file coords.cif (mmCIF, C-alpha atoms)
data_entry
#
loop_
_atom_site.label_atom_id
_atom_site.label_comp_id
_atom_site.auth_asym_id
_atom_site.auth_seq_id
_atom_site.Cartn_x
_atom_site.Cartn_y
_atom_site.Cartn_z
CA MET A 1 28.72 78.19 -95.42
CA ALA A 2 27.16 81.21 -96.97
CA GLY A 3 25.57 80.88 -100.35
CA GLN A 4 25.60 77.13 -100.48
CA SER A 5 22.70 77.07 -102.86
CA ASP A 6 24.56 79.19 -105.38
CA PRO A 7 26.27 76.79 -107.77
CA HIS A 8 28.87 79.41 -108.65
CA ILE A 9 30.15 79.64 -105.12
CA SER A 10 29.74 76.13 -103.86
CA LEU A 11 30.01 73.65 -106.68
CA PHE A 12 27.94 70.87 -105.23
CA SER A 13 24.97 71.35 -102.94
CA PRO A 14 24.98 69.30 -99.73
CA GLU A 15 22.07 67.34 -101.20
CA GLU A 16 24.13 66.43 -104.25
CA ILE A 17 26.99 65.24 -102.09
CA GLU A 18 24.54 63.20 -100.05
CA PHE A 19 23.19 61.76 -103.30
CA MET A 20 26.68 60.53 -104.19
CA ALA A 21 27.16 59.05 -100.73
CA GLU A 22 23.92 57.10 -101.03
CA ASP A 23 25.59 54.77 -103.51
CA GLU A 24 28.04 53.52 -100.88
CA LEU A 25 27.37 49.95 -99.85
CA VAL A 26 26.17 48.97 -96.40
CA GLU A 27 25.24 45.65 -94.88
CA ILE A 28 21.59 45.03 -94.07
CA VAL A 29 19.81 42.16 -92.39
CA PRO A 30 16.44 41.75 -94.08
CA ASN A 31 13.43 40.32 -92.27
CA MET A 32 11.61 39.30 -95.43
CA ARG A 33 12.14 37.37 -98.63
CA MET A 34 12.60 39.25 -101.86
CA ASP A 35 13.76 38.24 -105.32
CA PRO A 36 16.97 39.73 -106.72
CA LEU A 37 16.69 43.36 -107.78
CA ASN A 38 18.21 43.95 -111.21
CA PHE A 39 18.68 47.69 -111.09
CA ILE A 40 20.30 50.01 -113.61
CA SER A 41 22.85 50.71 -110.90
CA GLY A 42 23.61 47.01 -110.36
CA ASP A 43 22.16 43.73 -109.15
CA PHE A 44 21.30 43.27 -105.49
CA GLY A 45 19.82 40.43 -103.51
CA PRO A 46 18.14 37.91 -103.42
CA PHE A 47 17.11 38.66 -99.87
CA PHE A 48 16.30 36.11 -97.17
CA PRO A 49 15.30 36.73 -93.57
CA GLN A 50 18.30 37.03 -91.24
CA ILE A 51 20.82 36.62 -94.07
CA PRO A 52 23.00 39.74 -94.37
CA ALA A 53 23.27 41.39 -97.80
CA ASN A 54 25.23 44.32 -99.22
CA VAL A 55 23.13 47.07 -100.73
CA PRO A 56 23.60 50.77 -101.53
CA LEU A 57 22.70 53.11 -98.72
CA TRP A 58 19.63 54.54 -100.48
CA LEU A 59 18.17 51.05 -100.84
CA ALA A 60 18.98 50.23 -97.24
CA MET A 61 17.18 53.38 -96.10
CA ALA A 62 14.15 52.66 -98.29
CA LEU A 63 13.83 49.16 -96.82
CA LYS A 64 14.50 50.41 -93.32
CA LYS A 65 11.77 53.06 -93.59
CA ARG A 66 9.29 50.33 -94.40
CA GLY A 67 10.48 48.15 -91.53
CA LYS A 68 11.92 45.49 -93.83
CA CYS A 69 15.46 45.31 -92.49
CA THR A 70 17.98 46.43 -89.95
CA ILE A 71 21.15 48.19 -91.04
CA ARG A 72 24.51 47.10 -89.73
CA PRO A 73 26.59 50.20 -89.11
CA PRO A 74 29.89 50.01 -91.00
CA GLN A 75 32.95 48.78 -89.16
CA TRP A 76 34.60 52.18 -89.09
CA MET A 77 31.66 53.49 -87.05
CA SER A 78 32.58 51.41 -84.01
CA ILE A 79 33.38 53.33 -80.85
CA GLU A 80 36.77 51.68 -80.76
CA ASN A 81 37.76 52.79 -84.23
CA LEU A 82 36.29 56.29 -83.86
CA THR A 83 38.12 56.82 -80.57
CA HIS A 84 41.30 55.74 -82.27
CA VAL A 85 40.71 58.11 -85.19
CA LEU A 86 39.87 61.02 -82.88
CA GLU A 87 43.05 60.46 -80.88
CA GLY A 88 45.02 60.34 -84.11
CA GLU A 89 43.45 63.55 -85.36
CA ARG A 90 44.30 65.33 -82.11
CA GLU A 91 47.85 64.03 -81.90
CA ASP A 92 48.94 64.71 -85.46
CA GLN A 93 48.13 68.31 -86.30
CA GLY A 94 49.77 68.07 -89.71
CA ALA A 95 47.87 65.20 -91.27
CA PHE A 96 44.42 63.69 -91.46
CA GLN A 97 43.43 60.18 -90.42
CA ALA A 98 42.10 57.75 -92.97
CA VAL A 99 38.30 58.00 -92.95
CA PRO A 100 35.84 57.06 -95.68
CA PHE A 101 35.46 59.77 -98.34
CA HIS A 102 31.78 60.16 -97.41
CA TYR A 103 32.02 59.61 -93.65
CA ILE A 104 30.03 62.73 -92.78
CA GLU A 105 27.14 61.97 -95.11
CA ILE A 106 26.98 58.25 -94.32
CA SER A 107 26.95 58.78 -90.57
CA ARG A 108 24.42 61.59 -90.88
CA LEU A 109 22.07 59.43 -92.98
CA LEU A 110 22.37 56.53 -90.57
CA PHE A 111 21.73 58.77 -87.55
CA ASP A 112 18.63 60.15 -89.22
CA HIS A 113 17.17 56.93 -90.56
CA ALA A 114 18.57 54.02 -88.59
CA ARG A 115 19.20 55.31 -85.10
CA ASP A 116 17.86 52.16 -83.43
CA ASP A 117 20.42 50.06 -85.34
CA ILE A 118 23.45 51.90 -83.99
CA PRO A 119 24.62 50.72 -80.58
CA ASP A 120 25.62 53.58 -78.25
CA ILE A 121 24.37 56.11 -80.75
CA TYR A 122 25.02 59.11 -78.49
CA MET A 123 28.62 58.14 -78.04
CA VAL A 124 29.12 57.39 -81.73
CA ARG A 125 27.47 60.61 -82.71
CA SER A 126 29.50 62.79 -80.41
CA LEU A 127 32.72 61.04 -81.51
CA ILE A 128 31.96 61.72 -85.15
CA GLU A 129 31.04 65.32 -84.41
CA ASP A 130 34.32 65.73 -82.53
CA ILE A 131 36.29 64.17 -85.39
CA ARG A 132 34.57 66.48 -87.82
CA ASP A 133 35.27 69.56 -85.72
CA VAL A 134 38.91 68.67 -85.14
CA ARG A 135 39.39 68.05 -88.86
CA LEU A 136 37.70 71.25 -89.96
CA HIS A 137 39.72 73.23 -87.47
CA LYS A 138 42.84 71.52 -88.75
CA VAL A 139 42.05 72.42 -92.35
CA GLU A 140 41.56 76.01 -91.30
CA THR A 141 44.83 76.23 -89.40
CA ASN A 142 46.69 74.50 -92.21
CA LEU A 143 45.28 77.00 -94.66
CA GLU A 144 47.06 79.74 -92.76
CA LYS A 145 50.33 78.24 -93.95
CA PHE A 146 49.28 78.52 -97.55
CA SER A 147 51.76 79.98 -99.94
CA ALA A 148 51.94 80.74 -103.61
CA THR A 149 51.81 77.46 -105.42
CA SER A 150 50.09 75.75 -108.28
CA ALA A 151 48.93 72.75 -106.24
CA VAL A 152 47.92 71.87 -102.70
CA LYS A 153 47.61 68.25 -101.72
CA ILE A 154 45.62 67.14 -98.69
CA ALA A 155 45.53 63.43 -97.94
CA HIS A 156 42.26 61.90 -96.72
CA LEU A 157 40.16 65.01 -97.05
CA SER A 158 36.52 63.95 -97.27
CA ALA A 159 33.88 64.94 -99.84
CA MET A 160 31.97 67.31 -97.59
CA GLU A 161 35.18 68.87 -96.32
CA VAL A 162 36.37 69.49 -99.87
CA ASN A 163 33.11 71.24 -100.61
CA VAL A 164 33.27 73.38 -97.50
CA VAL A 165 36.84 74.60 -98.01
CA ARG A 166 36.68 74.81 -101.78
CA PRO A 167 35.45 78.40 -102.16
CA PHE A 168 38.15 79.73 -99.88
CA VAL A 169 40.99 77.54 -101.13
CA VAL A 170 40.23 78.17 -104.77
CA ARG A 171 40.03 81.91 -104.31
CA ALA A 172 43.16 82.03 -102.21
CA LEU A 173 45.15 79.98 -104.73
CA GLN A 174 43.81 82.11 -107.53
CA ALA A 175 44.88 85.23 -105.71
CA PHE A 176 48.42 83.88 -105.30
CA TYR A 177 48.49 82.77 -108.89
CA LYS A 178 47.26 86.13 -110.03
CA HIS A 179 50.03 87.95 -108.19
CA ASP A 180 52.61 85.64 -109.69
CA ASN A 181 51.19 85.98 -113.19
CA PRO A 182 49.61 89.41 -113.30
CA VAL A 183 48.95 89.34 -117.03
CA VAL A 184 47.11 86.12 -117.59
CA MET A 185 44.82 86.05 -114.62
CA SER A 186 41.50 87.80 -114.75
CA ASP A 187 39.29 88.49 -111.77
CA SER A 188 37.26 85.62 -110.49
CA ASP A 189 35.01 84.79 -113.40
CA SER A 190 32.13 83.82 -111.19
CA VAL A 191 31.62 87.49 -110.51
CA THR A 192 32.29 89.00 -113.90
CA ASP A 193 30.46 86.71 -116.24
CA ARG A 194 27.92 85.01 -114.13
CA GLN A 195 25.37 86.04 -116.70
CA PRO A 196 26.05 86.74 -120.31
CA GLN A 197 24.35 90.10 -119.94
CA THR A 198 26.93 91.35 -117.50
CA ARG A 199 29.93 90.47 -119.57
CA GLN A 200 30.69 93.90 -120.94
CA PRO A 201 32.66 95.18 -117.94
CA GLN A 202 35.07 92.32 -118.41
CA VAL A 203 35.97 93.32 -121.90
CA PRO A 204 38.19 96.37 -121.80
CA ARG A 205 40.43 94.48 -119.43
CA ASN A 206 41.28 91.84 -122.01
CA ALA A 207 42.05 94.46 -124.55
CA GLN A 208 44.16 96.63 -122.33
CA ARG A 209 46.12 93.82 -120.79
CA GLN A 210 47.47 92.44 -123.99
CA PRO A 211 50.27 95.00 -124.41
CA LEU A 212 51.46 94.45 -120.85
CA LYS A 213 52.50 90.91 -121.56
CA ARG A 214 56.22 91.64 -121.72
CA ARG A 215 57.32 92.33 -118.18
CA MET B 1 49.12 51.34 -100.72
CA ALA B 2 47.60 49.65 -97.72
CA THR B 3 50.59 50.52 -95.59
CA ASP B 4 49.44 53.94 -94.50
CA PHE B 5 45.99 52.89 -93.47
CA GLY B 6 45.95 52.13 -89.79
CA GLU B 7 42.93 49.90 -89.97
CA GLY B 8 43.22 48.34 -93.36
CA SER B 9 39.46 48.13 -93.71
CA THR B 10 39.25 51.46 -95.49
CA ALA B 11 41.83 50.36 -98.01
CA GLU B 12 39.92 47.21 -98.77
CA ALA B 13 36.70 49.16 -99.02
CA ASN B 14 38.33 51.45 -101.57
CA GLU B 15 39.57 48.56 -103.63
CA TYR B 16 36.15 47.03 -103.52
CA GLU B 17 34.63 50.31 -104.55
CA THR B 18 36.90 50.38 -107.59
CA LEU B 19 35.83 46.94 -108.67
CA MET B 20 32.20 47.85 -108.25
CA SER B 21 32.37 51.15 -110.08
CA THR B 22 31.89 49.72 -113.51
CA THR B 23 28.17 50.14 -114.02
CA ASP B 24 27.06 52.83 -116.43
CA VAL B 25 25.45 54.68 -113.56
CA GLN B 26 28.83 54.90 -111.85
CA LEU B 27 30.45 56.09 -115.06
CA LEU B 28 27.70 58.62 -115.54
CA LYS B 29 28.17 59.84 -112.00
CA THR B 30 31.86 60.40 -112.67
CA ALA B 31 31.12 62.17 -115.94
CA TRP B 32 28.52 64.33 -114.17
CA ARG B 33 30.95 65.26 -111.43
CA ASN B 34 33.71 66.10 -113.86
CA GLU B 35 31.42 68.17 -116.01
CA LYS B 36 30.07 70.01 -113.00
CA ALA B 37 33.49 70.83 -111.63
CA ALA B 38 35.31 71.68 -114.86
CA PRO B 39 35.36 75.32 -115.96
CA GLU B 40 35.04 74.47 -119.66
CA ILE B 41 32.79 72.09 -121.54
CA LEU B 42 34.20 68.55 -121.68
CA GLN B 43 33.95 65.92 -124.39
CA PHE B 44 30.37 64.68 -124.70
CA GLN B 45 30.12 61.03 -123.59
CA VAL B 46 28.28 59.76 -126.66
CA GLN B 47 28.37 56.05 -125.97
CA LEU B 48 27.74 56.37 -122.27
CA VAL B 49 24.74 58.65 -122.71
CA LYS B 50 23.37 56.37 -125.39
CA ARG B 51 23.67 53.31 -123.16
CA ALA B 52 22.23 55.11 -120.14
CA THR B 53 19.28 56.40 -122.17
CA GLU B 54 18.55 52.92 -123.47
CA GLN B 55 18.73 51.41 -120.02
CA ILE B 56 16.45 54.08 -118.62
CA GLN B 57 13.89 53.54 -121.37
CA LEU B 58 14.01 49.81 -120.87
CA MET B 59 13.57 50.22 -117.15
CA GLU B 60 10.63 52.57 -117.61
CA GLU B 61 8.90 49.88 -119.64
CA THR B 62 9.80 47.23 -117.12
CA VAL B 63 8.41 49.25 -114.22
CA GLU B 64 5.19 49.78 -116.14
CA GLU B 65 4.90 46.05 -116.81
CA PHE B 66 5.53 45.34 -113.14
CA GLU B 67 2.73 47.69 -112.17
CA GLU B 68 0.30 46.13 -114.62
CA SER B 69 1.16 42.60 -113.60
CA GLY B 70 0.29 43.43 -110.01
CA MET B 71 3.76 42.95 -108.62
CA ASP B 72 4.43 43.65 -104.96
CA PRO B 73 4.24 47.47 -104.61
CA LEU B 74 7.39 47.59 -102.48
CA THR B 75 9.50 46.02 -105.21
CA VAL B 76 7.97 48.30 -107.82
CA SER B 77 8.74 51.37 -105.72
CA LEU B 78 12.35 50.24 -105.30
CA TYR B 79 12.76 49.87 -109.05
CA GLN B 80 11.19 53.30 -109.46
CA MET B 81 13.72 54.80 -107.03
CA ASP B 82 16.60 53.28 -108.94
CA LEU B 83 15.14 54.66 -112.14
CA ASP B 84 14.70 58.12 -110.61
CA ARG B 85 18.33 58.20 -109.52
CA ALA B 86 19.61 57.29 -112.97
CA GLN B 87 17.32 59.84 -114.59
CA PHE B 88 18.44 62.56 -112.23
CA LEU B 89 22.08 61.93 -113.14
CA LEU B 90 21.43 61.93 -116.86
CA ARG B 91 19.28 65.06 -116.78
CA SER B 92 21.66 66.93 -114.55
CA TYR B 93 24.60 65.97 -116.80
CA LEU B 94 22.83 67.23 -119.92
CA ARG B 95 21.66 70.37 -118.15
CA ILE B 96 25.08 71.43 -116.93
CA ARG B 97 26.32 71.10 -120.48
CA LEU B 98 23.51 73.27 -121.79
CA GLN B 99 24.31 75.88 -119.16
CA LYS B 100 27.91 75.94 -120.32
CA VAL B 101 26.85 76.15 -123.95
CA GLU B 102 24.63 79.13 -123.14
CA LYS B 103 27.33 80.83 -121.18
CA TYR B 104 30.13 80.42 -123.72
CA MET B 105 28.18 80.07 -126.97
CA PHE B 106 30.19 82.54 -129.07
CA TYR B 107 33.47 81.16 -127.85
CA ILE B 108 32.46 77.54 -128.40
CA ARG B 109 31.30 78.15 -131.95
CA LYS B 110 34.48 79.81 -133.10
CA ASN B 111 36.72 77.28 -131.35
CA ASP B 112 36.90 74.01 -133.32
CA ASN B 113 38.32 72.05 -130.45
CA LEU B 114 35.44 72.96 -128.17
CA ARG B 115 32.80 72.64 -130.87
CA ASN B 116 33.91 69.09 -131.52
CA ARG B 117 33.18 68.21 -127.92
CA LEU B 118 29.48 68.88 -128.39
CA SER B 119 26.85 66.32 -129.25
CA GLU B 120 24.82 66.79 -132.43
CA PRO B 121 21.79 68.29 -130.62
CA GLU B 122 24.10 70.55 -128.64
CA ARG B 123 25.58 71.88 -131.88
CA VAL B 124 22.12 72.69 -133.12
CA PHE B 125 21.42 74.33 -129.77
CA VAL B 126 24.54 76.50 -129.84
CA ASN B 127 23.63 77.83 -133.28
CA ARG B 128 20.08 78.60 -132.29
CA CYS B 129 21.27 80.23 -129.10
CA ILE B 130 23.59 82.50 -131.02
CA ASP B 131 20.92 83.41 -133.56
CA ASP B 132 18.48 84.24 -130.79
CA MET B 133 21.01 86.18 -128.77
CA GLU B 134 22.20 88.20 -131.76
CA LYS B 135 18.67 88.92 -132.81
CA HIS B 136 17.71 89.94 -129.29
CA LEU B 137 20.73 92.20 -128.78
CA GLY B 138 20.29 93.64 -132.26
CA ASP B 139 16.63 94.41 -131.79
CA THR B 140 16.93 95.86 -128.33
CA VAL B 141 20.23 97.75 -128.39
CA LEU B 142 22.73 97.28 -131.17
CA SER B 143 20.60 98.49 -134.07
CA LYS B 144 20.12 101.77 -132.24
CA LEU B 145 23.85 102.37 -131.81
CA PRO B 146 26.08 104.13 -134.38
CA ASP B 147 27.19 101.95 -137.28
CA ASN B 148 30.62 101.23 -135.86
CA TYR B 149 29.27 99.69 -132.69
CA GLN B 150 26.72 97.19 -133.93
CA SER B 151 28.55 93.91 -133.39
CA ALA B 152 27.49 91.62 -130.58
CA ARG B 153 31.02 90.26 -130.32
CA ARG B 154 33.26 93.28 -130.85
CA GLN B 155 33.32 96.50 -128.96
CA SER B 156 33.65 98.49 -132.13
CA ILE B 157 34.65 98.15 -135.72
CA ILE B 158 38.30 98.89 -134.89
CA SER B 159 38.62 95.86 -132.61
CA GLU B 160 40.92 93.35 -134.25
CA GLU B 161 39.38 90.31 -132.67
CA ASP B 162 36.21 89.31 -130.88
CA ASP B 163 36.76 91.13 -127.63
CA MET B 164 33.32 90.85 -126.10
CA VAL B 165 33.08 87.08 -126.04
CA PRO B 166 33.09 85.46 -122.58
CA GLU B 167 35.69 82.72 -122.36
CA PRO B 168 35.90 79.91 -119.84
CA GLN B 169 38.45 80.63 -117.16
CA LEU B 170 40.98 77.80 -117.44
CA GLU B 171 43.42 79.36 -115.03
CA THR B 172 41.34 78.40 -112.10
CA PHE B 173 41.82 75.83 -109.38
CA VAL B 174 39.84 72.62 -109.09
CA ALA B 175 39.72 69.85 -106.49
CA CYS B 176 40.64 66.46 -107.88
CA LYS B 177 41.40 62.86 -106.97
CA SER B 178 43.35 60.19 -108.78
CA SER B 179 41.09 57.64 -110.39
CA ASN B 180 43.95 55.16 -110.61
CA ARG B 181 46.08 53.98 -107.79
CA PHE B 182 48.66 56.59 -108.44
CA VAL B 183 49.16 59.54 -110.71
CA SER B 184 52.07 61.90 -111.14
CA LEU B 185 51.61 65.46 -112.34
CA ARG B 186 54.16 67.86 -113.74
CA LEU B 187 53.67 71.27 -112.27
CA VAL B 188 54.71 74.52 -113.85
CA ASP B 189 56.34 76.09 -110.83
CA SER B 190 58.06 73.15 -109.21
CA GLU B 191 60.82 70.73 -110.08
CA ARG B 192 59.17 67.94 -108.22
CA PRO B 193 56.07 66.34 -109.73
CA LEU B 194 52.91 66.22 -107.68
CA GLU B 195 52.29 62.61 -106.77
CA MET B 196 48.78 61.57 -105.88
CA GLU B 197 47.43 58.37 -104.45
CA ARG B 198 43.79 57.43 -104.35
CA HIS B 199 43.13 58.95 -100.95
CA ASP B 200 44.72 62.30 -101.76
CA VAL B 201 42.66 65.31 -102.65
CA SER B 202 44.53 68.07 -104.46
CA PHE B 203 43.63 71.58 -105.43
CA VAL B 204 45.39 72.03 -108.75
CA LEU B 205 45.45 74.56 -111.55
CA TYR B 206 42.91 73.27 -114.05
CA LYS B 207 45.25 73.83 -117.00
CA VAL B 208 47.75 71.40 -115.51
CA ILE B 209 45.33 68.48 -115.36
CA GLU B 210 43.04 69.45 -118.24
CA GLU B 211 44.01 66.50 -120.39
CA LYS B 212 43.92 64.00 -117.59
CA VAL B 213 40.35 64.70 -116.45
CA GLY B 214 38.24 61.59 -116.97
CA VAL B 215 41.38 59.54 -117.69
CA ASP B 216 43.67 59.45 -114.66
CA ILE B 217 42.00 62.14 -112.66
CA ASP B 218 38.47 62.86 -111.56
CA LEU B 219 37.27 66.17 -110.25
CA VAL B 220 35.49 66.24 -106.91
#
call {"tool": "encode", "arguments": {"input": "coords.cif", "output": "structure tokens"}}
result
Amino acid sequence: MAGQSDPHISLFSPEEIEFMAEDELVEIVPNMRMDPLNFISGDFGPFFPQIPANVPLWLAMALKKRGKCTIRPPQWMSIENLTHVLEGEREDQGAFQAVPFHYIEISRLLFDHARDDIPDIYMVRSLIEDIRDVRLHKVETNLEKFSATSAVKIAHLSAMEVNVVRPFVVRALQAFYKHDNPVVMSDSDSVTDRQPQTRQPQVPRNAQRQPLKRR
Amino acid sequence: MATDFGEGSTAEANEYETLMSTTDVQLLKTAWRNEKAAPEILQFQVQLVKRATEQIQLMEETVEEFEESGMDPLTVSLYQMDLDRAQFLLRSYLRIRLQKVEKYMFYIRKNDNLRNRLSEPERVFVNRCIDDMEKHLGDTVLSKLPDNYQSARRQSIISEEDDMVPEPQLETFVACKSSNRFVSLRLVDSERPLEMERHDVSFVLYKVIEEKVGVDIDLV
């Protein structure tokens, strides 16, 4: 998406969304002993060789990088489940399948940092890419059916998908809203008062619009 | 709720997630997200920020002690990573609020409701910001204009109200999720309420959910 680094256009950067996903728990199998870790974000461990433990993804990746554990890919990342989800996505054009809120970020992080722990990684990877493409295409086609409304509900939309469609959806809904309520709605504020210095152009509008209130 | 999950595992994972999301870091993450996504400044989380700050300070000391006592460098680095993550959240939370204060300073100061949402240091900050901004605008431009046009907040002396003050745009749309199992929203343009379960993401007019943010609803 264009302008992803601009916080006014895209609310969260991909890095920030990844940061949130890194708190999701995964199962690791350590190959060393370590005392319990009493973190601010929670208590994890103790760790014993070959005994699986649940830890946040960032911790799993840190241990993995140092060769201290293997990561067990989550259950939903099995070829069986992914095939099932992909079929579901293709069959039902109106709805989304249930996938974890951070499925894109989690799978991406695991592909980058724990590729040797994922059986049939090429297959898994291409399935997830297909699921992602089908879903994004589905969001786009569903957006064509948009109409003037004060709310749009999409079940099972994931974090990254929300972020990708947000600029368009928000502006489209605002445009509809603006046409329904011509008085109250001002132009997208991200443009007009991005900086305090540029606020003057916005002003006469407020003043002039007041008298128009009675339609 | 589990009925519409084909696999069931995702539903259980979500439930588990809910049970786990009680640490202050999780709460801070939610507050950070809400603050980032909301068009206006939200209520400052006094207690939460206080607790998080204390925990961070304590952890900083602990990590230092670990280093001095010659603890295994791997363990120390893991504690440091945890600390860094918590610090990032806290700093980013405070920073977004400062950005909003800077952007809407005049509006926040004259609006009691908004001013009461600020922390004590933020209130000091908003006053200093306004003083600086007025002094700057006065020195550079306003003092050189005719007498009737010297206000930083009004276009001219005949304006009845502050008509040059940027206001947060509340009639905007935000993406949100229910933080409970289920939430029902009354919409302005529809007879039927909008019903949301945990897995639903909705784009809703901010004004409609304004009071529910941080209670039943979290912004994403």
call {"tool": "interface_residues", "arguments": {"input": "coords.cif", "of": "chain A", "to": "chain B", "cutoff": "6 Å", "atoms": "only C-alpha atoms", "output": "list of chain:residue names"}}
result
A:Ser41, A:Ser150, A:Ala151, A:Val152, A:Lys153, A:Ile154, A:Ala155, A:His156, A:Val170, A:Val203
call {"tool": "atom_distance", "arguments": {"input": "coords.cif", "atom1": "atom CA of Pro121 of chain B", "atom2": "atom CA of Phe44 of chain B"}}
result
11.0 Å
call {"tool": "atom_distance", "arguments": {"input": "coords.cif", "atom1": "atom CA of Glu210 of chain B", "atom2": "atom CA of Leu28 of chain B"}}
result
19.0 Å
call {"tool": "resolve_selection", "arguments": {"input": "coords.cif", "expression": "the PyMOL selection byres ((chain A and resi 72-84) around 7)", "output": "list in words"}}
result
Val26, Glu27, Ile28, Thr70, Ile71, Val85, Leu86, Glu87, Gly88, Asp117, Ile118, Val124 and Leu127 of chain A
call {"tool": "resolve_selection", "arguments": {"input": "coords.cif", "expression": "the PyMOL selection byres ((chain A and resi 129) around 12)", "output": "PyMOL selection string"}}
result
chain A and resi 82-83+86+103-105+107-108+111+121-128+130-136
call {"tool": "atom_distance", "arguments": {"input": "coords.cif", "atom1": "atom CA of Gly42 of chain A", "atom2": "atom CA of Leu219 of chain B"}}
result
23.5 Å
call {"tool": "residues_near_point", "arguments": {"input": "coords.cif", "point": "(26.6, 52.7, -97.8)", "cutoff": "9 Å", "atoms": "all atoms listed in the file", "output": "JSON list (two decimals) with C-alpha atoms, in the coordinates of the input"}}
result
[["chain", "number", "residue", "atom", "x", "y", "z"],
["A", 21, "ALA", "CA", 27.16, 59.05, -100.73],
["A", 22, "GLU", "CA", 23.92, 57.10, -101.03],
["A", 23, "ASP", "CA", 25.59, 54.77, -103.51],
["A", 24, "GLU", "CA", 28.04, 53.52, -100.88],
["A", 25, "LEU", "CA", 27.37, 49.95, -99.85],
["A", 26, "VAL", "CA", 26.17, 48.97, -96.40],
["A", 27, "GLU", "CA", 25.24, 45.65, -94.88],
["A", 54, "ASN", "CA", 25.23, 44.32, -99.22],
["A", 55, "VAL", "CA", 23.13, 47.07, -100.73],
["A", 56, "PRO", "CA", 23.60, 50.77, -101.53],
["A", 57, "LEU", "CA", 22.70, 53.11, -98.72],
["A", 58, "TRP", "CA", 19.63, 54.54, -100.48],
["A", 60, "ALA", "CA", 18.98, 50.23, -97.24],
["A", 74, "PRO", "CA", 29.89, 50.01, -91.00],
["A", 106, "ILE", "CA", 26.98, 58.25, -94.32]]
call {"tool": "residues_near_point", "arguments": {"input": "coords.cif", "point": "(10.1, 52.1, -89.7)", "cutoff": "12 Å", "atoms": "all atoms listed in the file", "output": "VMD selection string"}}
result
chain A and resid 60 to 71 112 to 117
call {"tool": "axis_aligned_box", "arguments": {"input": "coords.cif", "around": "segment 95-112 of chain B", "padding_each_side": "6 Å", "output": "JSON"}}
result
{"center_x": 29.3, "center_y": 76.5, "center_z": -125.1, "size_x": 27.2, "size_y": 24.2, "size_z": 28.4}
call {"tool": "residues_around", "arguments": {"input": "coords.cif", "residues": "Ser147 of chain A", "least_positions_apart": "6", "cutoff": "10 Å", "atoms": "all atoms listed in the file", "output": "PyMOL selection string"}}
result
chain A and resi 172-173+176-177
call {"tool": "closest_residue", "arguments": {"input": "coords.cif", "among": "B:Thr62, B:Leu27, B:Leu42, B:Lys135", "to": "Asn38 of chain A", "atoms": "only C-alpha atoms"}}
result
B:Thr62
call {"tool": "resolve_selection", "arguments": {"input": "coords.cif", "expression": "the PyMOL selection byres ((chain A and resi 36) around 10)", "output": "list in words"}}
result
Arg33, Met34, Asp35, Leu37, Asn38, Phe39, Asp43, Phe44, Gly45, Pro46 and Phe47 of chain A; Thr75 of chain B
